[in-house]
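> So here's model-v2.txt, just compact mmCIF, C-alpha atoms:
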```
# COMPACT_ATOMS: atom_id res chain seq x y z
CA MET A 1 80.64 5.76 -31.38
CA ALA A 2 81.78 9.24 -30.38
CA ASP A 3 78.84 11.03 -31.95
CA ARG A 4 76.09 9.18 -30.07
CA ILE A 5 74.17 10.23 -26.96
CA GLU A 6 75.32 8.15 -24.03
CA ARG A 7 73.66 9.73 -20.97
CA VAL A 8 70.61 11.91 -20.30
CA GLU A 9 70.04 13.43 -16.86
CA VAL A 10 67.29 15.60 -15.41
CA LEU A 11 68.23 17.94 -12.57
CA VAL A 12 65.53 19.66 -10.49
CA ALA A 13 66.79 22.29 -8.08
CA SER A 14 65.69 25.48 -6.39
CA PRO A 15 68.46 28.09 -6.07
CA THR A 16 65.91 30.73 -4.91
CA ARG A 17 63.30 29.25 -7.30
CA ASN A 18 62.67 25.96 -9.09
CA TYR A 19 64.44 25.07 -12.33
CA VAL A 20 64.46 21.91 -14.45
CA THR A 21 67.75 21.34 -16.27
CA LEU A 22 68.44 18.67 -18.87
CA ARG A 23 72.01 17.45 -19.30
CA VAL A 24 72.85 15.39 -22.38
CA THR A 25 76.29 13.76 -22.64
CA THR A 26 77.78 12.18 -25.75
CA ALA A 27 80.04 9.15 -25.84
CA ASP A 28 83.09 11.39 -26.33
CA GLY A 29 82.21 13.52 -23.33
CA ILE A 30 80.58 16.61 -24.87
CA VAL A 31 77.86 17.96 -22.59
CA GLY A 32 74.81 19.90 -23.77
CA LEU A 33 72.42 21.73 -21.45
CA GLY A 34 68.77 22.61 -21.89
CA ASP A 35 66.14 24.30 -19.75
CA ALA A 36 62.74 22.65 -19.23
CA THR A 37 61.24 24.82 -16.49
CA VAL A 38 57.44 25.17 -16.41
CA ASN A 39 56.58 27.33 -13.43
CA GLY A 40 54.33 25.44 -11.01
CA ARG A 41 54.53 22.19 -13.02
CA GLU A 42 58.26 21.50 -12.75
CA LEU A 43 57.88 17.90 -11.58
CA SER A 44 55.54 17.07 -14.47
CA VAL A 45 58.03 18.12 -17.12
CA ALA A 46 60.86 16.47 -15.18
CA SER A 47 58.95 13.20 -15.22
CA TYR A 48 58.11 13.58 -18.91
CA LEU A 49 61.80 13.95 -19.65
CA ARG A 50 63.15 11.35 -17.24
CA ASP A 51 60.54 8.64 -17.76
CA HIS A 52 59.59 9.06 -21.41
CA VAL A 53 62.07 11.14 -23.41
CA ALA A 54 65.46 10.21 -21.96
CA PRO A 55 65.26 6.49 -22.90
CA LEU A 56 64.49 7.47 -26.50
CA LEU A 57 67.66 9.55 -26.81
CA ILE A 58 70.25 6.95 -25.83
CA GLY A 59 72.27 5.99 -28.91
CA VAL A 60 70.87 8.83 -31.04
CA ASP A 61 73.19 10.92 -33.22
CA PRO A 62 73.15 14.39 -31.56
CA ASN A 63 73.90 16.06 -34.90
CA ARG A 64 70.43 15.14 -36.18
CA ILE A 65 68.79 18.06 -34.39
CA GLU A 66 65.81 18.60 -36.69
CA ASP A 67 65.14 14.88 -37.03
CA THR A 68 65.19 14.48 -33.24
CA TRP A 69 62.75 17.38 -32.88
CA GLN A 70 60.35 15.84 -35.39
CA TYR A 71 60.68 12.43 -33.76
CA LEU A 72 59.83 13.76 -30.30
CA TYR A 73 56.94 15.85 -31.62
CA ARG A 74 55.37 13.86 -34.45
CA GLY A 75 56.35 10.46 -33.14
CA VAL A 76 54.09 10.88 -30.11
CA TYR A 77 50.34 10.84 -30.66
CA TRP A 78 49.66 12.96 -27.55
CA ARG A 79 51.50 16.18 -28.22
CA ARG A 80 51.64 19.96 -27.81
CA GLY A 81 51.05 21.81 -24.54
CA PRO A 82 53.63 23.43 -22.24
CA VAL A 83 54.93 20.25 -20.58
CA THR A 84 55.55 18.38 -23.82
CA MET A 85 56.97 21.38 -25.66
CA ALA A 86 59.25 22.41 -22.78
CA ALA A 87 60.63 18.86 -22.71
CA ILE A 88 61.26 18.93 -26.47
CA GLY A 89 62.67 22.43 -26.13
CA ALA A 90 65.17 21.31 -23.53
CA VAL A 91 66.41 18.48 -25.75
CA ASP A 92 66.67 20.86 -28.70
CA MET A 93 68.68 23.42 -26.73
CA ALA A 94 71.02 20.73 -25.47
CA LEU A 95 71.67 19.43 -28.99
CA TRP A 96 72.43 22.92 -30.32
CA ASP A 97 74.74 23.38 -27.34
CA ILE A 98 76.55 20.14 -28.23
CA LEU A 99 76.87 21.11 -31.88
CA GLY A 100 78.36 24.47 -30.93
CA LYS A 101 80.88 22.84 -28.62
CA ARG A 102 81.77 20.19 -31.19
CA THR A 103 82.42 22.84 -33.86
CA ASN A 104 83.88 25.36 -31.39
CA GLN A 105 81.35 28.02 -32.37
CA PRO A 106 78.70 29.98 -30.47
CA VAL A 107 75.18 28.95 -31.40
CA TYR A 108 74.37 32.30 -32.99
CA GLN A 109 77.13 31.61 -35.54
CA LEU A 110 75.49 28.28 -36.41
CA LEU A 111 72.24 30.17 -37.00
CA GLY A 112 73.81 32.35 -39.68
CA GLY A 113 75.84 34.84 -37.67
CA ARG A 114 75.06 38.21 -36.20
CA VAL A 115 72.54 40.60 -37.70
CA ARG A 116 72.90 43.13 -34.84
CA ASP A 117 75.65 44.32 -32.52
CA GLY A 118 73.59 44.00 -29.35
CA ILE A 119 70.17 42.83 -28.22
CA PRO A 120 68.01 45.49 -26.55
CA TYR A 121 66.13 44.27 -23.52
CA TYR A 122 63.35 45.57 -21.35
CA SER A 123 63.05 45.05 -17.64
CA HIS A 124 60.25 45.70 -15.15
CA ALA A 125 59.65 48.96 -13.32
CA PHE A 126 56.85 48.86 -10.77
CA GLY A 127 55.47 50.72 -7.81
CA TRP A 128 52.48 50.34 -5.53
CA ASP A 129 51.65 53.96 -6.22
CA ILE A 130 52.69 56.41 -8.92
CA PRO A 131 55.54 58.09 -6.96
CA ALA A 132 57.08 54.68 -6.20
CA LEU A 133 56.74 53.67 -9.85
CA LEU A 134 58.47 56.85 -10.98
CA ASP A 135 61.34 56.13 -8.60
CA SER A 136 61.62 52.65 -10.11
CA VAL A 137 61.60 54.05 -13.65
CA ARG A 138 64.43 56.43 -12.73
CA GLU A 139 66.49 53.48 -11.46
CA HIS A 140 66.05 51.68 -14.78
CA GLN A 141 67.05 54.79 -16.70
CA GLU A 142 70.16 55.14 -14.55
CA ARG A 143 71.13 51.64 -15.70
CA GLY A 144 70.98 52.81 -19.30
CA GLU A 145 67.71 51.07 -20.18
CA THR A 146 65.56 52.64 -22.86
CA PHE A 147 62.84 49.93 -22.99
CA ILE A 148 60.91 49.82 -19.71
CA ARG A 149 57.80 47.91 -18.74
CA VAL A 150 55.68 49.85 -16.24
CA GLN A 151 53.18 48.33 -13.81
CA SER A 152 51.41 50.06 -10.94
CA GLY A 153 49.16 49.25 -8.05
CA VAL A 154 45.46 50.07 -8.45
CA PRO A 155 43.56 52.01 -5.76
CA GLY A 156 41.18 49.72 -3.94
CA LEU A 157 43.00 46.47 -4.80
CA ASP A 158 45.35 44.83 -2.32
CA LYS A 159 47.19 42.68 -4.90
CA VAL A 160 47.94 43.53 -8.51
CA TYR A 161 49.80 41.61 -11.22
CA GLY A 162 53.35 42.84 -11.83
CA VAL A 163 53.55 44.82 -8.60
CA SER A 164 54.85 44.09 -5.13
CA LYS A 165 54.87 46.06 -1.92
CA ASP A 166 58.39 44.67 -1.44
CA PRO A 167 61.41 45.93 -3.43
CA ASN A 168 61.69 42.60 -5.27
CA TYR A 169 58.77 41.25 -7.29
CA GLU A 170 58.36 37.49 -7.28
CA PRO A 171 54.91 36.25 -8.33
CA ALA A 172 55.42 32.57 -7.46
CA GLY A 173 54.66 31.86 -3.82
CA ARG A 174 56.03 28.87 -1.99
CA GLY A 175 53.45 26.61 -0.41
CA ALA A 176 50.93 23.88 -1.12
CA ARG A 177 48.38 26.16 -2.82
CA PRO A 178 48.63 29.27 -4.97
CA SER A 179 47.87 32.63 -3.42
CA GLU A 180 44.79 34.48 -4.68
CA GLU A 181 44.21 38.05 -5.78
CA HIS A 182 41.07 39.95 -6.76
CA PHE A 183 40.82 42.15 -9.80
CA ASP A 184 38.52 45.01 -10.76
CA PRO A 185 38.83 45.78 -14.48
CA GLY A 186 36.98 49.09 -14.18
CA ALA A 187 39.31 50.44 -11.50
CA TYR A 188 42.33 49.25 -13.47
CA MET A 189 41.19 50.78 -16.76
CA ARG A 190 40.42 54.12 -15.10
CA HIS A 191 43.77 54.22 -13.32
CA LEU A 192 46.17 53.15 -16.08
CA PRO A 193 45.96 56.38 -18.15
CA LYS A 194 46.88 58.36 -15.02
CA VAL A 195 49.89 56.08 -14.53
CA LEU A 196 51.06 56.41 -18.11
CA THR A 197 50.58 60.18 -18.08
CA ALA A 198 52.95 60.49 -15.14
CA VAL A 199 55.54 58.09 -16.59
CA ARG A 200 55.54 59.68 -20.04
CA GLU A 201 55.94 63.15 -18.50
CA LEU A 202 58.96 61.84 -16.58
CA VAL A 203 60.79 60.02 -19.39
CA GLY A 204 59.84 62.10 -22.42
CA PRO A 205 59.08 60.76 -25.91
CA ASP A 206 62.18 58.66 -26.59
CA VAL A 207 61.92 55.96 -23.90
CA LYS A 208 59.98 52.96 -25.14
CA LEU A 209 57.26 52.09 -22.62
CA LEU A 210 55.55 48.69 -22.35
CA HIS A 211 52.61 47.53 -20.26
CA ASP A 212 51.09 44.10 -19.54
CA ALA A 213 47.34 43.65 -18.94
CA HIS A 214 47.99 39.92 -18.35
CA HIS A 215 44.88 38.40 -19.94
CA ARG A 216 42.50 40.09 -17.48
CA LEU A 217 40.15 41.91 -19.87
CA THR A 218 37.28 40.90 -22.11
CA PRO A 219 37.74 41.69 -25.81
CA ILE A 220 35.64 44.87 -25.64
CA GLN A 221 37.46 46.00 -22.49
CA GLY A 222 40.76 45.31 -24.24
CA ALA A 223 39.66 47.38 -27.23
CA ARG A 224 38.66 50.27 -24.96
CA LEU A 225 41.97 50.11 -23.10
CA ALA A 226 44.06 50.00 -26.28
CA LYS A 227 42.21 53.06 -27.57
CA SER A 228 42.54 54.94 -24.26
CA VAL A 229 46.34 54.56 -24.14
CA GLU A 230 47.09 55.51 -27.75
CA GLU A 231 48.30 58.98 -26.77
CA PHE A 232 51.13 57.53 -24.67
CA ASP A 233 52.82 55.90 -27.67
CA LEU A 234 53.44 52.52 -26.04
CA PHE A 235 56.03 50.23 -27.59
CA TRP A 236 53.47 47.54 -26.92
CA LEU A 237 50.39 46.63 -24.91
CA GLU A 238 50.73 43.01 -23.89
CA ASP A 239 48.17 40.25 -23.30
CA VAL A 240 45.25 42.63 -23.43
CA THR A 241 42.77 39.72 -23.52
CA PRO A 242 43.12 35.91 -23.20
CA ALA A 243 45.26 34.61 -26.03
CA GLU A 244 43.18 31.54 -26.83
CA ASP A 245 40.49 33.69 -28.49
CA GLN A 246 42.16 34.66 -31.74
CA ASP A 247 39.23 36.67 -33.10
CA ALA A 248 39.27 38.88 -30.01
CA PHE A 249 42.43 40.51 -31.30
CA ARG A 250 40.61 41.62 -34.43
CA LEU A 251 38.23 43.62 -32.25
CA VAL A 252 41.14 45.22 -30.41
CA ARG A 253 43.07 45.87 -33.61
CA ASN A 254 40.10 47.55 -35.28
CA ALA A 255 39.65 49.87 -32.30
CA SER A 256 43.21 51.14 -31.93
CA THR A 257 46.67 51.60 -33.42
CA THR A 258 48.37 50.70 -30.13
CA PRO A 259 50.93 47.94 -30.91
CA LEU A 260 49.88 44.57 -29.49
CA ALA A 261 52.02 41.76 -28.09
CA VAL A 262 50.91 38.28 -27.11
CA GLY A 263 52.09 34.69 -27.05
CA GLU A 264 54.07 33.81 -23.94
CA VAL A 265 51.56 31.02 -23.25
CA PHE A 266 51.77 29.72 -26.83
CA ASN A 267 53.71 26.52 -27.45
CA THR A 268 53.73 25.99 -31.22
CA ILE A 269 53.59 27.87 -34.49
CA TRP A 270 49.99 26.70 -34.90
CA ASP A 271 48.97 28.57 -31.74
CA CYS A 272 49.97 31.91 -33.25
CA GLN A 273 49.73 31.22 -37.00
CA ARG A 274 46.43 33.05 -37.49
CA LEU A 275 47.42 36.05 -35.38
CA ILE A 276 50.61 36.43 -37.39
CA GLU A 277 49.23 35.78 -40.87
CA GLU A 278 46.29 38.15 -40.36
CA ARG A 279 48.56 40.79 -38.78
CA LEU A 280 46.46 41.00 -35.63
CA ILE A 281 49.55 41.43 -33.44
CA ASP A 282 52.83 43.29 -33.75
CA TYR A 283 55.05 41.17 -31.48
CA VAL A 284 54.97 37.44 -30.83
CA ARG A 285 56.04 36.52 -27.29
CA THR A 286 56.75 32.79 -27.50
CA ALA A 287 59.56 31.70 -25.19
CA VAL A 288 62.23 29.41 -26.60
CA VAL A 289 61.84 26.94 -23.73
CA HIS A 290 58.04 26.67 -23.97
CA ALA A 291 57.85 26.70 -27.78
CA GLY A 292 59.92 23.65 -28.54
CA GLY A 293 63.42 25.10 -28.40
CA ILE A 294 65.54 26.90 -30.97
CA SER A 295 64.52 24.75 -33.94
CA HIS A 296 60.80 25.45 -33.63
CA SER A 297 61.13 29.05 -32.45
CA ARG A 298 63.09 29.85 -35.61
CA LYS A 299 60.07 28.76 -37.67
CA ILE A 300 57.71 30.94 -35.64
CA PHE A 301 59.91 33.98 -36.09
CA ALA A 302 60.43 33.25 -39.79
CA LEU A 303 56.66 33.18 -40.32
CA ALA A 304 56.39 36.41 -38.34
CA GLU A 305 59.04 38.10 -40.50
CA VAL A 306 57.06 37.51 -43.67
CA HIS A 307 54.06 39.30 -42.13
CA GLY A 308 55.79 42.25 -40.53
CA VAL A 309 55.58 40.87 -37.00
CA LYS A 310 58.59 40.99 -34.70
CA ALA A 311 59.86 38.71 -31.95
CA GLY A 312 59.66 39.84 -28.34
CA PRO A 313 60.22 36.62 -26.38
CA HIS A 314 59.10 35.97 -22.84
CA GLY A 315 62.11 36.19 -20.51
CA PRO A 316 60.93 35.92 -16.91
CA SER A 317 63.07 34.77 -14.01
CA ASP A 318 61.25 31.42 -14.09
CA VAL A 319 63.16 30.36 -17.19
CA SER A 320 66.75 29.56 -16.38
CA PRO A 321 69.88 31.31 -17.71
CA ILE A 322 70.18 28.42 -20.17
CA ALA A 323 66.90 29.28 -21.90
CA LEU A 324 67.77 32.96 -21.78
CA ALA A 325 71.09 32.16 -23.47
CA ALA A 326 69.23 30.33 -26.24
CA SER A 327 66.97 33.34 -26.72
CA ILE A 328 69.91 35.76 -26.81
CA HIS A 329 71.72 33.65 -29.41
CA MET A 330 68.58 33.59 -31.53
CA ALA A 331 68.20 37.37 -31.15
CA ALA A 332 71.73 37.93 -32.38
CA ALA A 333 70.95 36.03 -35.59
CA THR A 334 67.26 36.86 -36.19
CA HIS A 335 66.52 39.97 -38.25
CA ASN A 336 62.94 40.64 -37.09
CA TRP A 337 63.77 40.82 -33.39
CA GLY A 338 62.05 43.59 -31.47
CA VAL A 339 63.20 43.31 -27.86
CA GLN A 340 64.06 40.62 -25.29
CA GLU A 341 62.43 40.56 -21.88
CA TYR A 342 65.04 40.30 -19.11
CA MET A 343 63.86 40.35 -15.50
CA GLY A 344 67.28 39.54 -14.11
CA TYR A 345 68.20 36.87 -11.57
CA PRO A 346 69.28 36.77 -7.94
CA ALA A 347 73.03 36.38 -7.41
CA LEU A 348 72.66 32.71 -6.45
CA VAL A 349 71.05 31.88 -9.80
CA HIS A 350 73.94 33.50 -11.68
CA GLU A 351 76.32 31.40 -9.56
CA ALA A 352 74.33 28.21 -10.14
CA PHE A 353 74.36 28.77 -13.92
CA PRO A 354 77.62 30.57 -14.80
CA HIS A 355 77.23 32.02 -18.28
CA ALA A 356 79.00 33.84 -21.09
CA TRP A 357 76.03 36.10 -21.88
CA SER A 358 75.93 39.51 -20.25
CA ALA A 359 73.56 42.44 -19.69
CA SER A 360 74.71 46.06 -19.58
CA ASP A 361 73.37 49.50 -20.54
CA GLY A 362 70.09 48.07 -21.76
CA MET A 363 71.75 45.53 -24.05
CA LEU A 364 72.33 41.78 -23.91
CA GLN A 365 75.35 40.08 -25.46
CA PRO A 366 75.58 36.31 -26.12
CA GLY A 367 79.33 36.05 -25.58
CA ASP A 368 81.58 34.00 -27.83
CA ALA A 369 81.86 30.77 -25.84
CA PRO A 370 81.15 27.62 -27.86
CA GLY A 371 77.55 26.43 -27.78
CA LEU A 372 75.17 28.34 -25.55
CA GLY A 373 77.96 29.33 -23.19
CA VAL A 374 76.25 28.23 -19.95
CA ASP A 375 77.48 25.79 -17.33
CA ILE A 376 76.04 24.55 -14.04
CA ASP A 377 77.42 24.50 -10.51
CA GLU A 378 76.35 21.09 -9.22
CA ASP A 379 77.31 21.93 -5.64
CA ILE A 380 74.74 24.73 -5.60
CA LEU A 381 72.08 22.72 -7.40
CA SER A 382 72.56 19.64 -5.22
CA THR A 383 72.11 21.68 -2.04
CA SER A 384 69.02 23.53 -3.32
CA PRO A 385 66.20 20.96 -3.39
CA TYR A 386 62.84 21.48 -5.08
CA VAL A 387 60.23 23.38 -3.08
CA PRO A 388 56.56 23.49 -4.14
CA ALA A 389 55.76 26.96 -5.51
CA TYR A 390 52.93 28.27 -7.65
CA LEU A 391 51.95 31.37 -9.55
CA PRO A 392 48.89 33.09 -8.06
CA THR A 393 45.31 32.70 -9.18
CA ALA A 394 42.96 35.62 -9.80
CA ARG A 395 39.27 36.15 -9.11
CA THR A 396 36.77 38.84 -9.95
CA LEU A 397 35.38 40.91 -7.07
CA ASP A 398 32.43 38.53 -6.79
CA GLY A 399 34.75 35.53 -6.48
CA ALA A 400 34.67 33.97 -9.94
CA VAL A 401 37.98 32.60 -11.23
CA LEU A 402 39.70 34.92 -13.72
CA ASP A 403 42.70 34.45 -15.99
CA TRP A 404 45.84 35.20 -14.00
```
Now, as a test, write the supplied structure out as C-alpha cells.


Amino acid sequence: MADRIERVEVLVASPTRNYVTLRVTTADGIVGLGDATVNGRELSVASYLRDHVAPLLIGVDPNRIEDTWQYLYRGVYWRRGPVTMAAIGAVDMALWDILGKRTNQPVYQLLGGRVRDGIPYYSHAFGWDIPALLDSVREHQERGETFIRVQSGVPGLDKVYGVSKDPNYEPAGRGARPSEEHFDPGAYMRHLPKVLTAVRELVGPDVKLLHDAHHRLTPIQGARLAKSVEEFDLFWLEDVTPAEDQDAFRLVRNASTTPLAVGEVFNTIWDCQRLIEERLIDYVRTAVVHAGGISHSRKIFALAEVHGVKAGPHGPSDVSPIALAASIHMAAATHNWGVQEYMGYPALVHEAFPHAWSASDGMLQPGDAPGLGVDIDEDILSTSPYVPAYLPTARTLDGAVLDW
C-alpha cells in the first residue's frame, strides 16, 4: 500500500549542538522530517520516539494527520509535558511534510495560503555593558532588522541570561552538569531602565524593542518592572514571572500597559488557555516543536485570535531548521502572527539541514518547495555524535535555586 508508513527512524546528532530528527518514510518512498529536540533532554525524547511511538506508526495512513495526533495524545494515559509533546510534534511535522510532497505543495498552501508577503523576525542583540550592546544593536539595524531583542550585563553579576562575554551567545554548556549563575533581581531592575534609555535614544521610536526577564522575578517584582519600562514603548516584555502561575499575570497586567509575552515552556492549549481567554498576555510564545506540532499549534493560535492575542513563537537555535520551517509556514498562513524569533544558526547547521526557507532584511520566507522544504545531510549528521549539554541553572545570591 503506497499510502502507508513503512519506516520510522530517529536520528540524534550534534552539528555544533544536539538535535533530534524524526524521519518517516512511506511505502512509495516519500520522506517526511520532523524535529523533536528538547534541549538537555534529547535522549529522553529520542527514546520516547524510538521505543514507544515508532512501532505505533508502522502501517498507518500518513494522510490521517489529525487522527494520528489524537491517537498519540489521547491514546496514551500518561500525556503532556515537553518530551511527549515534542515527540508528537515531530510526527505531526513529518506527516505535514509528506502531505506537501505528495500534493507538490508547500505546507503553508495546505494551511490556507499566504496571508502576508513576509514574516518579520526578531533576533538577539546583547552586550556585557551598554556600549557593547549599542554596537550589537547597530549591527542588527545594518542587517535591516526592525524588531530587536536587547539584553545587557548587570553590574555586580558575573553571568546574566541572554548575554555572553564572547561574540556568540550559546547558553547550553557541554559537560556532565549544567553551569550555574547567580541573579540579583534588585540590581537587574535598577539597571534595565538605564539600558533601555540608551537603546531607545540610539534607535529612535520606530524600531520595535523586546526584552526577556526569563522567569526570574516574583509577581510583584514583575509588576514593578513592567511599570518602570512603560516609557520605552517595548514591543513586548517576555517571561516577566514564572509562567506556571497564571494569576501572577493579572497582577502584572493591572500594574502596567507594557505588552506581555509568555509561553515558550507551554506544551498544550490548556497551558495557556486562561491567559489567552482572560487577555492577560499579548503574545503567546509556544514553539511548534514543543506544543505538539503544526496541528495543535494551529488551535492555540486560533484561540488566541479570538481574544486579540498574537503569536510570537519561540525560535531559539536549539530547535532545528525543520521546526523553524514549520513555524515559518504557519506564520505565512496565520493572520494573528506578531513576530517570529530567529536566533540564526552556525554554518554547519545550515549545511546539515539544507532548507528552502530564507532570512533577509528582517524577514523570513518559507520558500515554495513541496512540504516543509528541508532536507538532511546524513554525512554531516553521522559524523557529529551526541554530546551531553545542558542549559544553565540559576541561584539567588544566597544560593537558593531560581528559575533559569

> Do you have the atom CA of A:Tyr390-atom CA of A:Pro178 distance handy?

5.2 Å

> Considering all atoms listed in the file, return as a list of chain:residue names whatever protein or nucleic-acid residues lie within 9 Å of A:Arg177, sequence-local ones (same chain, fewer than 4 positions apart) excluded.

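After dropping sequence-adjacent residues, the list is A:Gly173, A:Pro388, A:Ala389, A:Tyr390, A:Pro392.
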
> Let me see the file: selected residues, C-alpha atoms, as a PDB file, in the frame of the given file.


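Wrote it out as selection05.pdb, contents follow:
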```pdb
ATOM      1  CA  GLY A 173      54.660  31.860  -3.820  1.00  0.00           C
ATOM      2  CA  PRO A 388      56.560  23.490  -4.140  1.00  0.00           C
ATOM      3  CA  ALA A 389      55.760  26.960  -5.510  1.00  0.00           C
ATOM      4  CA  TYR A 390      52.930  28.270  -7.650  1.00  0.00           C
ATOM      5  CA  PRO A 392      48.890  33.090  -8.060  1.00  0.00           C
TER       6      PRO A 392
END
```

> One decimal, Å: what's the distance from atom CA of A:Ala332 over to atom CA of A:Arg116, could you say?

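That distance, rounded to one decimal, is 5.9 Å.
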
> Measuring atom to atom with only C-alpha atoms, identify which of A:His191, A:His182, A:His355, A:Arg17 is nearest to A:Leu397.

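Closest candidate: A:His182.
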
> Could you state the separation of atom CA of A:Ala132 and atom CA of A:Thr218 in Å, given to one decimal place?

28.9 Å

> Find, counting all atoms listed in the file, the residue in A:Ala54, A:Arg80, A:Gly186, A:Ala198 that gets nearest to A:Val137.

A:Ala198

> Considering all atoms listed in the file, can you say which of A:Ile5, A:Val24, A:Val107, A:Ile328 comes closest to A:Ala94?

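Between A:Ile5, A:Val24, A:Val107, A:Ile328, the residue approaching A:Ala94 most closely is A:Val24.
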
> Which neighbours of stretch 277-283 of chain A fall inside 7 Å, counting only C-alpha atoms, when residues of the same chain fewer than 5 positions from it are skipped, and could you give them as JSON, numbers by chain?

{"A": [249, 250, 253, 259, 260, 261, 262, 307, 309, 310, 311, 312]}

> For each of A:Ala13, A:Ala356, A:Met93, A:Ile276, take the minimum atom-to-atom distance to A:Glu42, counting all atoms listed in the file, then give the residue where this is smallest.

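Among the listed residues, the smallest separation from A:Glu42 belongs to A:Ala13.
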
> Find the smallest box with edges along x, y and z containing every listed atom of stretch 218-225 of chain A, then add 5 Å on each side and report centre and edge lengths in Å to one decimal, as AutoDock Vina command-line options.


```
--center_x 38.8 --center_y 45.6 --center_z -24.7 --size_x 16.3 --size_y 19.4 --size_z 15.1
```

> Would you mind telling me which residue in A:Val53, A:Leu11, A:Leu111, A:Val154 lies nearest to A:Ile380 when using only C-alpha atoms?

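Ranking A:Val53, A:Leu11, A:Leu111, A:Val154 by distance to A:Ile380, first place goes to A:Leu11.
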
> Using all atoms listed in the file, which of A:Glu139, A:Asp245, A:Asp233, A:Asp97 sits nearest A:His215?

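Closest candidate: A:Asp245.
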
> I want to know what sits within 9 Å of A:Val10, based on only C-alpha atoms, with residues of the same chain fewer than 4 positions away left out; could you give that as number ranges by chain?

A: 20-24, 46-47, 49-50, 54

> Give as JSON, numbers by chain each residue that has an atom at most 10 Å from (71.4, 32.9, -11.2) in the file, counting only C-alpha atoms.

{"A": [15, 16, 17, 317, 320, 321, 344, 345, 346, 347, 348, 349, 350, 351, 352, 353, 354, 355, 376]}
